[in-house]
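For reference, my_file37.txt (compact mmCIF, C-alpha atoms and all ligand atoms):
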```
# COMPACT_ATOMS: atom_id res chain seq x y z
CA MET A 1 91.01 120.94 89.41
CA ASN A 2 89.71 121.00 85.86
CA LYS A 3 88.94 117.42 84.85
CA LEU A 4 90.72 117.98 81.57
CA ASP A 5 93.97 118.86 83.37
CA LEU A 6 94.59 115.36 84.72
CA ARG A 7 95.67 113.22 81.79
CA LEU A 8 96.38 109.51 81.71
CA SER A 9 99.26 108.26 79.58
CA SER A 10 97.92 106.39 76.54
CA GLU A 11 101.44 105.28 75.75
CA ARG A 12 101.83 103.57 79.13
CA LEU A 13 98.37 102.01 78.97
CA PHE A 14 98.83 100.60 75.46
CA THR A 15 102.34 99.40 76.27
CA ARG A 16 100.94 97.44 79.21
CA LEU A 17 98.03 96.13 77.11
CA ASP A 18 100.46 94.95 74.43
CA THR A 19 102.89 93.45 76.98
CA LEU A 20 100.11 91.54 78.77
CA GLY A 21 98.56 90.63 75.43
CA ALA A 22 101.80 88.90 74.44
CA VAL A 23 101.36 86.51 77.39
CA GLY A 24 99.50 83.56 75.92
CA ALA A 25 99.41 85.07 72.44
CA THR A 26 97.96 82.69 69.80
CA PRO A 27 99.13 82.36 66.18
CA GLU A 28 95.79 83.89 65.07
CA GLY A 29 96.63 87.11 66.92
CA GLY A 30 94.43 86.30 69.89
CA VAL A 31 95.15 85.48 73.51
CA ARG A 32 94.81 82.19 75.36
CA ARG A 33 95.20 82.62 79.11
CA LEU A 34 92.80 80.04 80.50
CA ALA A 35 92.24 80.41 84.21
CA LEU A 36 95.14 79.09 86.33
CA SER A 37 97.10 77.92 83.28
CA ASP A 38 100.82 78.66 82.96
CA ALA A 39 99.92 81.65 80.79
CA ASP A 40 97.55 82.92 83.49
CA LYS A 41 100.37 82.56 86.02
CA ASP A 42 102.71 84.56 83.77
CA GLY A 43 100.02 87.22 83.35
CA ARG A 44 99.45 87.34 87.11
CA ASP A 45 103.18 87.62 87.77
CA LEU A 46 103.40 90.53 85.31
CA VAL A 47 100.44 92.43 86.77
CA THR A 48 101.54 91.93 90.38
CA ARG A 49 105.00 93.16 89.41
CA TRP A 50 103.47 96.30 87.94
CA MET A 51 101.37 96.73 91.08
CA LYS A 52 104.48 96.58 93.29
CA GLU A 53 106.35 99.00 91.00
CA LEU A 54 103.46 101.42 91.54
CA GLY A 55 103.84 101.13 95.30
CA LEU A 56 100.63 99.16 95.79
CA SER A 57 100.55 96.63 98.57
CA VAL A 58 99.50 93.35 96.99
CA ARG A 59 97.13 90.91 98.73
CA ILE A 60 95.95 87.56 97.38
CA ASP A 61 92.90 85.77 98.72
CA ARG A 62 92.14 82.08 99.01
CA ILE A 63 90.53 81.80 95.56
CA GLY A 64 93.49 83.59 93.99
CA ASN A 65 91.89 87.02 93.56
CA ILE A 66 94.63 89.69 93.52
CA PHE A 67 94.22 93.14 95.15
CA GLY A 68 96.61 96.09 94.75
CA LEU A 69 95.96 98.58 97.55
CA ARG A 70 96.83 102.32 97.50
CA ALA A 71 96.42 103.98 100.90
CA GLY A 72 94.06 106.90 101.34
CA GLN A 73 94.31 109.84 103.73
CA GLU A 74 91.70 108.16 105.90
CA SER A 75 91.49 104.46 106.66
CA LEU A 76 87.98 104.08 105.23
CA ALA A 77 86.45 101.38 103.05
CA PRO A 78 88.24 101.67 99.70
CA VAL A 79 86.90 102.40 96.27
CA MET A 80 87.66 99.38 94.09
CA THR A 81 88.09 98.94 90.37
CA GLY A 82 89.42 96.04 88.30
CA SER A 83 88.33 93.07 86.23
CA HIS A 84 89.99 89.84 85.06
CA ILE A 85 92.97 88.72 82.97
CA ASP A 86 91.91 85.15 82.23
CA THR A 87 90.53 84.67 78.71
CA VAL A 88 88.41 82.30 76.66
CA PHE A 89 90.20 79.75 74.45
CA ASN A 90 91.09 82.18 71.67
CA GLY A 91 90.07 85.57 72.97
CA GLY A 92 90.98 89.18 72.38
CA ASN A 93 93.37 91.51 74.14
CA LEU A 94 90.90 93.88 75.81
CA ASP A 95 88.26 91.69 77.51
CA GLY A 96 89.07 92.07 81.19
CA ASN A 97 92.62 93.32 80.64
CA LEU A 98 91.36 96.84 79.89
CA GLY A 99 89.67 97.13 83.28
CA VAL A 100 92.72 95.95 85.19
CA LEU A 101 95.33 97.96 83.28
CA ALA A 102 93.28 101.15 83.11
CA GLY A 103 93.05 100.83 86.89
CA LEU A 104 96.84 100.64 87.11
CA GLU A 105 97.16 103.65 84.77
CA VAL A 106 94.85 105.63 87.09
CA ILE A 107 97.13 104.73 90.02
CA GLU A 108 100.28 105.73 88.15
CA THR A 109 98.77 109.06 87.09
CA LEU A 110 97.71 109.85 90.67
CA ASN A 111 101.19 108.90 91.89
CA GLU A 112 102.82 111.20 89.31
CA ALA A 113 100.52 114.08 90.23
CA ALA A 114 101.11 113.35 93.95
CA ILE A 115 97.36 113.25 94.43
CA GLU A 116 96.25 111.65 97.68
CA THR A 117 92.68 110.45 97.88
CA ARG A 118 90.47 110.52 100.96
CA ARG A 119 89.51 106.88 100.57
CA PRO A 120 92.02 104.15 99.66
CA LEU A 121 91.91 102.80 96.13
CA VAL A 122 92.14 99.13 95.17
CA VAL A 123 92.75 97.52 91.77
CA ALA A 124 91.45 93.93 91.65
CA VAL A 125 92.18 90.98 89.37
CA PHE A 126 89.48 88.32 89.83
CA THR A 127 90.11 84.63 89.29
CA ASN A 128 88.38 82.67 86.52
CA GLU A 129 85.93 85.28 85.24
CA GLU A 130 85.46 83.49 81.92
CA GLY A 131 84.45 80.08 83.19
CA ALA A 132 86.07 78.66 80.04
CA ARG A 133 88.00 75.99 81.97
CA PHE A 134 86.24 75.82 85.35
CA GLN A 135 82.55 76.59 85.78
CA PRO A 136 80.75 78.70 86.84
CA ASP A 137 82.05 81.88 85.27
CA MET A 138 82.78 84.94 87.41
CA MET A 139 83.87 82.36 89.98
CA GLY A 140 86.51 84.43 91.84
CA SER A 141 84.26 87.44 92.32
CA LEU A 142 81.26 85.21 93.13
CA VAL A 143 83.20 83.46 95.91
CA TYR A 144 84.49 86.88 97.03
CA ALA A 145 80.94 88.21 97.27
CA GLY A 146 79.83 85.19 99.28
CA GLY A 147 77.74 83.71 96.48
CA TYR A 148 79.63 80.44 96.09
CA ASP A 149 81.27 78.13 98.60
CA LEU A 150 85.06 78.46 98.63
CA GLU A 151 85.72 74.74 99.19
CA LYS A 152 83.33 73.82 96.37
CA ALA A 153 85.17 76.23 94.09
CA LEU A 154 88.59 74.88 95.13
CA ASN A 155 87.38 71.33 94.41
CA THR A 156 86.06 72.15 90.93
CA ALA A 157 87.67 70.05 88.20
CA ASP A 158 88.16 70.99 84.56
CA ASP A 159 87.29 68.58 81.74
CA GLN A 160 90.69 66.90 82.13
CA GLY A 161 89.98 66.25 85.82
CA VAL A 162 92.51 68.86 87.00
CA VAL A 163 91.33 70.43 90.27
CA LEU A 164 91.21 74.21 90.66
CA GLY A 165 92.72 74.30 94.14
CA ASP A 166 95.70 72.22 92.99
CA GLU A 167 96.25 74.61 90.09
CA LEU A 168 96.15 77.60 92.43
CA GLN A 169 98.87 75.94 94.54
CA ARG A 170 100.88 74.99 91.45
CA ILE A 171 100.97 78.53 90.06
CA GLY A 172 101.61 80.07 93.48
CA TYR A 173 98.38 82.04 93.86
CA ALA A 174 96.68 80.17 96.68
CA GLY A 175 96.57 83.25 98.89
CA ASP A 176 95.86 83.47 102.60
CA MET A 177 93.57 86.49 102.64
CA ALA A 178 89.99 85.60 103.49
CA CYS A 179 87.61 86.05 100.56
CA GLY A 180 85.53 89.16 101.14
CA GLU A 181 87.94 90.67 103.68
CA ILE A 182 87.97 94.03 101.87
CA ILE A 183 84.43 95.36 101.47
CA PRO A 184 84.67 98.34 99.10
CA SER A 185 82.57 101.48 99.46
CA ALA A 186 82.00 101.21 95.70
CA PHE A 187 83.12 99.14 92.71
CA VAL A 188 83.47 100.45 89.16
CA GLU A 189 84.56 98.23 86.24
CA LEU A 190 85.71 99.51 82.86
CA HIS A 191 85.05 96.94 80.13
CA ILE A 192 84.55 96.72 76.40
CA GLU A 193 80.88 96.36 75.43
CA GLN A 194 81.51 93.16 73.46
CA GLY A 195 78.40 93.96 71.45
CA PRO A 196 77.31 96.26 68.58
CA ILE A 197 75.14 98.92 70.27
CA LEU A 198 77.57 101.77 71.00
CA GLU A 199 79.18 101.51 67.57
CA GLN A 200 75.82 101.32 65.75
CA GLU A 201 74.52 104.37 67.60
CA GLY A 202 77.79 106.29 67.30
CA VAL A 203 77.95 106.73 71.07
CA THR A 204 81.36 106.76 72.74
CA LEU A 205 80.61 105.32 76.19
CA GLY A 206 78.03 103.25 78.04
CA ALA A 207 76.96 103.82 81.65
CA VAL A 208 75.91 100.26 82.46
CA GLU A 209 72.92 100.20 84.79
CA ASN A 210 71.97 96.54 84.69
CA LEU A 211 73.13 93.11 83.53
CA GLN A 212 71.08 90.22 82.15
CA GLY A 213 70.38 86.86 83.76
CA ILE A 214 72.57 83.91 82.75
CA SER A 215 71.72 80.19 82.66
CA TRP A 216 74.39 77.61 81.70
CA THR A 217 73.35 73.94 81.36
CA GLU A 218 75.37 70.86 80.45
CA VAL A 219 73.27 68.23 78.61
CA ILE A 220 74.47 64.63 78.21
CA PHE A 221 72.64 62.40 75.70
CA SER A 222 73.33 58.67 76.17
CA GLY A 223 72.09 56.57 73.25
CA GLN A 224 73.67 53.61 71.48
CA ALA A 225 76.74 53.62 69.29
CA ASN A 226 76.00 51.57 66.22
CA HIS A 227 76.95 50.90 62.61
CA ALA A 228 76.12 53.83 60.33
CA GLY A 229 75.37 51.53 57.43
CA THR A 230 73.51 48.59 58.89
CA THR A 231 71.35 50.27 61.53
CA PRO A 232 67.90 51.22 60.19
CA MET A 233 66.77 54.73 61.19
CA HIS A 234 63.85 53.49 63.32
CA LEU A 235 66.20 51.34 65.43
CA ARG A 236 68.66 54.10 66.23
CA HIS A 237 69.24 55.81 69.57
CA ASP A 238 71.28 58.54 68.00
CA ALA A 239 72.95 60.96 70.46
CA GLY A 240 74.36 62.95 67.54
CA TYR A 241 70.90 63.59 66.13
CA CYS A 242 69.74 64.69 69.59
CA ALA A 243 72.60 67.18 69.85
CA GLY A 244 71.64 68.64 66.49
CA ALA A 245 67.95 68.74 67.38
CA LEU A 246 68.80 70.62 70.59
CA ALA A 247 70.86 73.19 68.70
CA SER A 248 67.98 73.78 66.32
CA PHE A 249 65.44 73.94 69.16
CA ILE A 250 67.20 76.59 71.24
CA HIS A 251 67.79 78.73 68.14
CA ASP A 252 64.03 78.69 67.45
CA LEU A 253 63.25 79.12 71.16
CA ALA A 254 65.22 82.38 71.30
CA LYS A 255 63.38 83.70 68.24
CA ASP A 256 60.03 82.62 69.67
CA ILE A 257 60.60 84.32 73.05
CA GLY A 258 62.00 87.27 71.13
CA GLU A 259 63.29 90.69 72.22
CA ALA A 260 66.48 90.30 74.28
CA GLN A 261 66.42 86.47 74.58
CA VAL A 262 69.65 84.85 73.39
CA ALA A 263 70.57 81.17 73.27
CA THR A 264 73.88 79.53 72.38
CA ILE A 265 75.17 76.00 71.91
CA GLY A 266 78.84 76.51 72.65
CA VAL A 267 80.03 72.90 72.95
CA ILE A 268 79.04 69.74 71.08
CA GLU A 269 81.23 66.69 71.80
CA LEU A 270 80.23 63.41 70.14
CA GLU A 271 81.48 59.93 71.01
CA PRO A 272 83.04 58.08 69.39
CA ASN A 273 83.16 60.96 66.85
CA ILE A 274 83.84 58.62 63.89
CA ILE A 275 82.31 59.03 60.43
CA ASN A 276 80.73 55.57 60.24
CA VAL A 277 79.46 55.21 63.82
CA VAL A 278 76.09 56.46 65.08
CA PRO A 279 77.11 58.56 68.10
CA GLY A 280 76.34 56.81 71.36
CA ARG A 281 77.01 59.85 73.52
CA ALA A 282 76.85 63.60 73.16
CA ARG A 283 77.85 66.37 75.57
CA VAL A 284 76.23 69.70 74.74
CA THR A 285 76.30 73.06 76.58
CA VAL A 286 73.39 75.52 76.50
CA ASP A 287 73.84 79.24 77.34
CA LEU A 288 70.51 81.09 77.81
CA ARG A 289 70.34 84.78 78.75
CA ASN A 290 67.64 87.40 79.24
CA PRO A 291 67.47 90.64 81.28
CA ASP A 292 63.93 89.59 82.25
CA ASN A 293 64.14 86.76 84.77
CA ALA A 294 60.58 85.54 84.15
CA ARG A 295 61.38 85.04 80.47
CA LEU A 296 64.65 83.32 81.32
CA VAL A 297 62.76 80.93 83.61
CA GLU A 298 60.29 80.30 80.77
CA ALA A 299 63.15 79.51 78.39
CA GLU A 300 64.63 77.08 80.93
CA ARG A 301 61.25 75.42 81.42
CA ARG A 302 60.72 74.94 77.69
CA LEU A 303 64.22 73.53 77.34
CA GLN A 304 63.47 70.85 79.93
CA VAL A 305 60.14 69.93 78.29
CA PHE A 306 61.88 69.63 74.93
CA LEU A 307 64.62 67.41 76.33
CA SER A 308 62.23 64.97 78.02
CA GLU A 309 60.11 64.69 74.84
CA LEU A 310 63.24 64.14 72.73
CA ALA A 311 64.51 61.45 75.11
CA GLN A 312 61.19 59.67 74.85
CA ALA A 313 61.05 59.87 71.07
CA GLU A 314 64.65 58.79 70.45
CA GLY A 315 65.01 56.23 73.23
CA VAL A 316 68.00 58.02 74.74
CA VAL A 317 68.79 58.98 78.33
CA VAL A 318 69.21 62.72 78.95
CA GLN A 319 71.05 64.10 81.97
CA THR A 320 71.26 67.84 82.64
CA LYS A 321 73.48 69.74 85.08
CA SER A 322 73.32 73.44 85.83
CA LEU A 323 76.79 74.98 85.39
CA ALA A 324 75.81 78.55 86.26
CA ARG A 325 72.60 80.43 87.08
CA PHE A 326 72.65 84.14 87.86
CA ASP A 327 69.59 86.39 88.12
CA PRO A 328 69.61 89.74 86.32
CA VAL A 329 71.39 92.46 88.28
CA GLN A 330 70.57 96.16 88.78
CA PHE A 331 73.64 98.38 89.24
CA ASP A 332 73.83 101.52 91.38
CA HIS A 333 71.93 104.41 89.84
CA GLY A 334 74.10 107.05 91.50
CA ILE A 335 77.32 105.62 90.15
CA ALA A 336 75.80 105.22 86.69
CA ARG A 337 74.82 108.89 86.84
CA CYS A 338 78.34 109.83 87.97
CA ILE A 339 79.74 107.95 84.98
CA GLU A 340 77.38 109.79 82.65
CA GLU A 341 78.22 113.19 84.12
CA ASN A 342 81.96 112.56 83.87
CA ALA A 343 81.60 111.38 80.29
CA ARG A 344 79.78 114.55 79.32
CA ALA A 345 82.15 116.78 81.30
CA LEU A 346 84.98 115.22 79.28
CA GLY A 347 83.09 115.86 76.06
CA HIS A 348 81.99 112.30 75.30
CA SER A 349 78.55 111.01 74.33
CA CYS A 350 77.20 108.42 76.74
CA ARG A 351 74.08 106.28 77.07
CA ARG A 352 72.61 103.96 79.70
CA MET A 353 73.03 100.29 78.85
CA THR A 354 72.28 96.73 79.82
CA SER A 355 75.21 94.35 79.80
CA GLY A 356 74.70 91.23 77.70
CA ALA A 357 77.88 89.68 79.04
CA GLY A 358 78.55 88.53 82.56
CA HIS A 359 81.12 90.51 84.55
CA ASP A 360 82.80 90.54 87.95
CA ALA A 361 80.83 93.72 88.63
CA GLN A 362 77.61 91.69 88.73
CA MET A 363 79.02 89.76 91.68
CA MET A 364 80.51 92.79 93.42
CA SER A 365 77.07 94.44 93.25
CA ARG A 366 76.05 91.90 95.91
CA ILE A 367 78.32 93.59 98.49
CA CYS A 368 78.65 97.25 97.47
CA PRO A 369 77.26 99.94 95.13
CA THR A 370 78.52 99.02 91.68
CA ALA A 371 78.33 100.09 88.04
CA MET A 372 80.28 99.69 84.81
CA ILE A 373 81.69 101.81 82.01
CA PHE A 374 81.53 100.37 78.50
CA THR A 375 83.65 101.35 75.53
CA PRO A 376 82.54 100.37 72.00
CA SER A 377 83.68 97.12 70.35
CA ILE A 378 84.50 97.44 66.67
CA LYS A 379 81.86 95.48 64.72
CA GLY A 380 80.59 94.30 68.11
CA VAL A 381 83.10 91.44 68.03
CA SER A 382 84.55 89.86 71.19
CA HIS A 383 85.75 86.48 72.49
CA ASN A 384 87.62 86.51 69.20
CA PRO A 385 91.14 87.61 68.16
CA ALA A 386 89.49 90.36 66.09
CA GLU A 387 88.26 92.05 69.30
CA ALA A 388 89.21 95.75 69.05
CA THR A 389 88.34 99.25 70.26
CA THR A 390 89.76 102.51 68.89
CA PRO A 391 92.55 104.06 71.02
CA GLU A 392 90.44 107.21 71.37
CA ASP A 393 87.53 105.23 72.83
CA VAL A 394 89.85 103.28 75.13
CA MET A 395 91.23 106.53 76.52
CA ALA A 396 87.75 108.06 76.81
CA GLY A 397 86.71 105.12 78.97
CA ALA A 398 89.88 105.25 81.02
CA HIS A 399 89.50 108.98 81.74
CA VAL A 400 85.87 108.52 82.82
CA LEU A 401 87.08 105.72 85.08
CA LEU A 402 89.72 108.07 86.54
CA HIS A 403 87.24 110.79 87.41
CA THR A 404 84.50 108.45 88.56
CA LEU A 405 86.94 106.78 90.96
CA LEU A 406 88.15 110.21 92.18
CA ASP A 407 84.57 111.33 92.77
CA LEU A 408 83.82 108.17 94.71
CA THR A 409 86.93 108.50 96.88
CA ARG A 410 85.60 111.88 98.07
CA ASP A 411 82.29 110.37 99.28
O1 LIG B 501 80.08 84.57 79.79
C1 LIG B 501 80.26 85.79 79.92
O2 LIG B 501 79.39 86.57 79.61
C2 LIG B 501 81.58 86.33 80.43
O3 LIG B 501 82.38 86.66 79.33
N1 LIG B 501 82.23 85.38 81.28
MN MN B 502 85.22 90.12 80.54
MN MN B 503 84.78 87.44 78.38
```
Structure re-expressed in structure tokens:
Amino acid sequence: MNKLDLRLSSERLFTRLDTLGAVGATPEGGVRRLALSDADKDGRDLVTRWMKELGLSVRIDRIGNIFGLRAGQESLAPVMTGSHIDTVFNGGNLDGNLGVLAGLEVIETLNEAAIETRRPLVVAVFTNEEGARFQPDMMGSLVYAGGYDLEKALNTADDQGVVLGDELQRIGYAGDMACGEIIPSAFVELHIEQGPILEQEGVTLGAVENLQGISWTEVIFSGQANHAGTTPMHLRHDAGYCAGALASFIHDLAKDIGEAQVATIGVIELEPNIINVVPGRARVTVDLRNPDNARLVEAERRLQVFLSELAQAEGVVVQTKSLARFDPVQFDHGIARCIEENARALGHSCRRMTSGAGHDAQMMSRICPTAMIFTPSIKGVSHNPAEATTPEDVMAGAHVLLHTLLDLTRD
């Protein structure tokens, strides 16, 4: 079969993307489907309905991961694709959704063409990839891959004290399948790049061969709330100042370590958060990433030294808690090459890439050969309602996914 003969339906794929994107739509044109929220439930219900309409048998595991299974001619370990449908607080419509819905479009196209595959195919929807509500991120795939204790995950509380396991029960996705029951022969995830490289270089697709290390830390500064007018500067124990000093420090730290090091203060919460009160307490989150683990460890070490010196100087108590720590990951070279070859056979430019973002694929690489396909992000923007990719690039990625999955089912 000539690869160009088998065509996915862009109309179906974009209709599904738009329909799912309307679930949890925000006034700013973004999407808010925080993990295990009502909107996430509605999104899950929609996707599982589509899976059943496509004749997939749907299984749900104990952390709420969803699997749509298409039988193969032989009962072998399946080839798996998929991603996530939970979002950040005001995210875009492609992050995660593209990987899940392109997987369903592949299934529908194979059904229409009455193509049976040697190996079964599975489309997965992993729970809580974003970690926006419950940490760590990539939680569902991490538990699935045996990297995180299921009970610990089920007992995780969000910042309102709501427990993950209770939410799974409430939305009806506390499944009975054991986590890790289906060990795929290979896992391939289609995802938007969420960065500027492909667009800047004018390259259509990325064959992702590795993914950087991630370190999430929660920092609590406990000082002394006091009057903003009567408290002399030398008598203050100002948690608000400490939060600001930390933000400035990690910005400079990233520049000092250089190259691929990135550092982000995503959350600063001050108490009592009143104009005329010196903050007595501050909660700050630090996101450090580097593809080189030794440099990431160095960044973490320097952060801790800075915090203890700051505590000393300002007379505040500092508590830190690791929210996530993942080493850099190498993907499967053979699958990355297969992605590249399919891209070129379909007439698309393609380059090897490192992923700056975390993905479910990084967890699945713990249990099976894994790689990713990236499509460009316009202006490199993501985790933002402005997140976008041209329809041509979306379809280029989806067709490379189709043929890469077909190749892998023949192995
Ligand atoms: O944090 C990440 O990189 C992913 O979007 N969860
Ligand atoms: Mn994602
Ligand atoms: Mn994301």
May I have the residues within 7 Å of ligand LIG 501 (chain B), computed using only C-alpha atoms and all ligand atoms, as a ChimeraX atom specification?
/A:129-131,137-138,356-359
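Nearest to A:Leu346 of all the residues A:Leu6, A:Ile214, A:Ala186, A:Gln200 is A:Leu6, based on only C-alpha atoms.
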Across A:Phe14, A:Phe249, A:Trp50, A:Phe326, the smallest distance to A:Leu98, with all atoms listed in the file counted, is shown by A:Phe14
Each residue of chain A lying at most 12 Å from ligand MN 503 (chain B) should get a row with its shortest atom-to-atom pair and the distance in Å to one decimal, counting only C-alpha atoms and all ligand atoms; could you produce that, ordered by chain and increasing number, as JSON lines?
```
{"residue": "A:Val31", "atom": "CA", "partner": "B:MN503", "partner_atom": "MN", "distance": 11.6}
{"residue": "A:Arg32", "atom": "CA", "partner": "B:MN503", "partner_atom": "MN", "distance": 11.7}
{"residue": "A:Arg33", "atom": "CA", "partner": "B:MN503", "partner_atom": "MN", "distance": 11.5}
{"residue": "A:Leu34", "atom": "CA", "partner": "B:MN503", "partner_atom": "MN", "distance": 11.1}
{"residue": "A:Ala35", "atom": "CA", "partner": "B:MN503", "partner_atom": "MN", "distance": 11.8}
{"residue": "A:Ser83", "atom": "CA", "partner": "B:MN503", "partner_atom": "MN", "distance": 10.3}
{"residue": "A:His84", "atom": "CA", "partner": "B:MN503", "partner_atom": "MN", "distance": 8.8}
{"residue": "A:Ile85", "atom": "CA", "partner": "B:MN503", "partner_atom": "MN", "distance": 9.5}
{"residue": "A:Asp86", "atom": "CA", "partner": "B:MN503", "partner_atom": "MN", "distance": 8.4}
{"residue": "A:Thr87", "atom": "CA", "partner": "B:MN503", "partner_atom": "MN", "distance": 6.4}
{"residue": "A:Val88", "atom": "CA", "partner": "B:MN503", "partner_atom": "MN", "distance": 6.5}
{"residue": "A:Phe89", "atom": "CA", "partner": "B:MN503", "partner_atom": "MN", "distance": 10.2}
{"residue": "A:Asn90", "atom": "CA", "partner": "B:MN503", "partner_atom": "MN", "distance": 10.6}
{"residue": "A:Gly91", "atom": "CA", "partner": "B:MN503", "partner_atom": "MN", "distance": 7.8}
{"residue": "A:Gly92", "atom": "CA", "partner": "B:MN503", "partner_atom": "MN", "distance": 8.8}
{"residue": "A:Asn93", "atom": "CA", "partner": "B:MN503", "partner_atom": "MN", "distance": 10.4}
{"residue": "A:Leu94", "atom": "CA", "partner": "B:MN503", "partner_atom": "MN", "distance": 9.2}
{"residue": "A:Asp95", "atom": "CA", "partner": "B:MN503", "partner_atom": "MN", "distance": 5.6}
{"residue": "A:Gly96", "atom": "CA", "partner": "B:MN503", "partner_atom": "MN", "distance": 6.9}
{"residue": "A:Asn97", "atom": "CA", "partner": "B:MN503", "partner_atom": "MN", "distance": 10.1}
{"residue": "A:Leu98", "atom": "CA", "partner": "B:MN503", "partner_atom": "MN", "distance": 11.6}
{"residue": "A:Gly99", "atom": "CA", "partner": "B:MN503", "partner_atom": "MN", "distance": 11.9}
{"residue": "A:Asn128", "atom": "CA", "partner": "B:MN503", "partner_atom": "MN", "distance": 10.1}
{"residue": "A:Glu129", "atom": "CA", "partner": "B:MN503", "partner_atom": "MN", "distance": 7.3}
{"residue": "A:Glu130", "atom": "CA", "partner": "B:MN503", "partner_atom": "MN", "distance": 5.3}
{"residue": "A:Gly131", "atom": "CA", "partner": "B:MN503", "partner_atom": "MN", "distance": 8.8}
{"residue": "A:Ala132", "atom": "CA", "partner": "B:MN503", "partner_atom": "MN", "distance": 9.0}
{"residue": "A:Asp137", "atom": "CA", "partner": "B:MN503", "partner_atom": "MN", "distance": 9.3}
{"residue": "A:Met138", "atom": "CA", "partner": "B:MN503", "partner_atom": "MN", "distance": 9.6}
{"residue": "A:His191", "atom": "CA", "partner": "B:MN503", "partner_atom": "MN", "distance": 9.7}
{"residue": "A:Ile192", "atom": "CA", "partner": "B:MN503", "partner_atom": "MN", "distance": 9.5}
{"residue": "A:Glu193", "atom": "CA", "partner": "B:MN503", "partner_atom": "MN", "distance": 10.2}
{"residue": "A:Gln194", "atom": "CA", "partner": "B:MN503", "partner_atom": "MN", "distance": 8.2}
{"residue": "A:Gly195", "atom": "CA", "partner": "B:MN503", "partner_atom": "MN", "distance": 11.5}
{"residue": "A:Ser355", "atom": "CA", "partner": "B:MN503", "partner_atom": "MN", "distance": 11.9}
{"residue": "A:Gly356", "atom": "CA", "partner": "B:MN503", "partner_atom": "MN", "distance": 10.8}
{"residue": "A:Ala357", "atom": "CA", "partner": "B:MN503", "partner_atom": "MN", "distance": 7.3}
{"residue": "A:Gly358", "atom": "CA", "partner": "B:MN503", "partner_atom": "MN", "distance": 7.6}
{"residue": "A:His359", "atom": "CA", "partner": "B:MN503", "partner_atom": "MN", "distance": 7.8}
{"residue": "A:Asp360", "atom": "CA", "partner": "B:MN503", "partner_atom": "MN", "distance": 10.3}
{"residue": "A:Val381", "atom": "CA", "partner": "B:MN503", "partner_atom": "MN", "distance": 11.2}
{"residue": "A:Ser382", "atom": "CA", "partner": "B:MN503", "partner_atom": "MN", "distance": 7.6}
{"residue": "A:His383", "atom": "CA", "partner": "B:MN503", "partner_atom": "MN", "distance": 6.0}
{"residue": "A:Asn384", "atom": "CA", "partner": "B:MN503", "partner_atom": "MN", "distance": 9.7}
{"residue": "A:Glu387", "atom": "CA", "partner": "B:MN503", "partner_atom": "MN", "distance": 10.8}
```
Considering all atoms listed in the file, return as a list of chain:residue names whatever protein or nucleic-acid residues lie within 8 Å of stretch 287-293 of chain A, sequence-local ones (same chain, fewer than 6 positions apart) excluded.
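Surrounding residues, per the criterion: A:Leu211, A:Gln212, A:Gly213, A:Ile214, A:Ser215, A:Trp216, A:Thr217, A:Ala260, A:Gln261, A:Val262, A:Ala263, A:Thr264, A:Ile265, A:Gly266, A:Ala299, A:Glu300, A:Asp327, A:Pro328, A:Thr354, A:Gly356.
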When you draw a straight line from atom CA of A:Gly175 to atom CA of A:Gly72, how long is it in Å?
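Atom-to-atom, atom CA of A:Gly175 to atom CA of A:Gly72, that is 23.9 Å.
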Between atom CA of A:Asn111 and atom CA of A:Ile182, what is the distance in Å, rounded to a tenth?
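We find that atom CA of A:Asn111 and atom CA of A:Ile182 lie 22.3 Å from each other.
Each of A:Ile378, A:Ala124, A:Cys350, A:Ala114 was compared to A:Pro196 using all atoms listed in the file, and A:Ile378 turns out to be the nearest.
If you look at atom CA of A:Leu104 and atom CA of A:Asp61, they are 19.3 Å away from each other.
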Which residue is closest to A:Gly347? Choose from A:Lys3, A:Leu164, A:Gln73, A:Tyr173 and count all atoms listed in the file.
A:Lys3
Using only C-alpha atoms, which of the listed residues (A:Asn342, A:Ser248, A:Gln304, A:Asn65) sits closest to A:Thr127?
A:Asn65
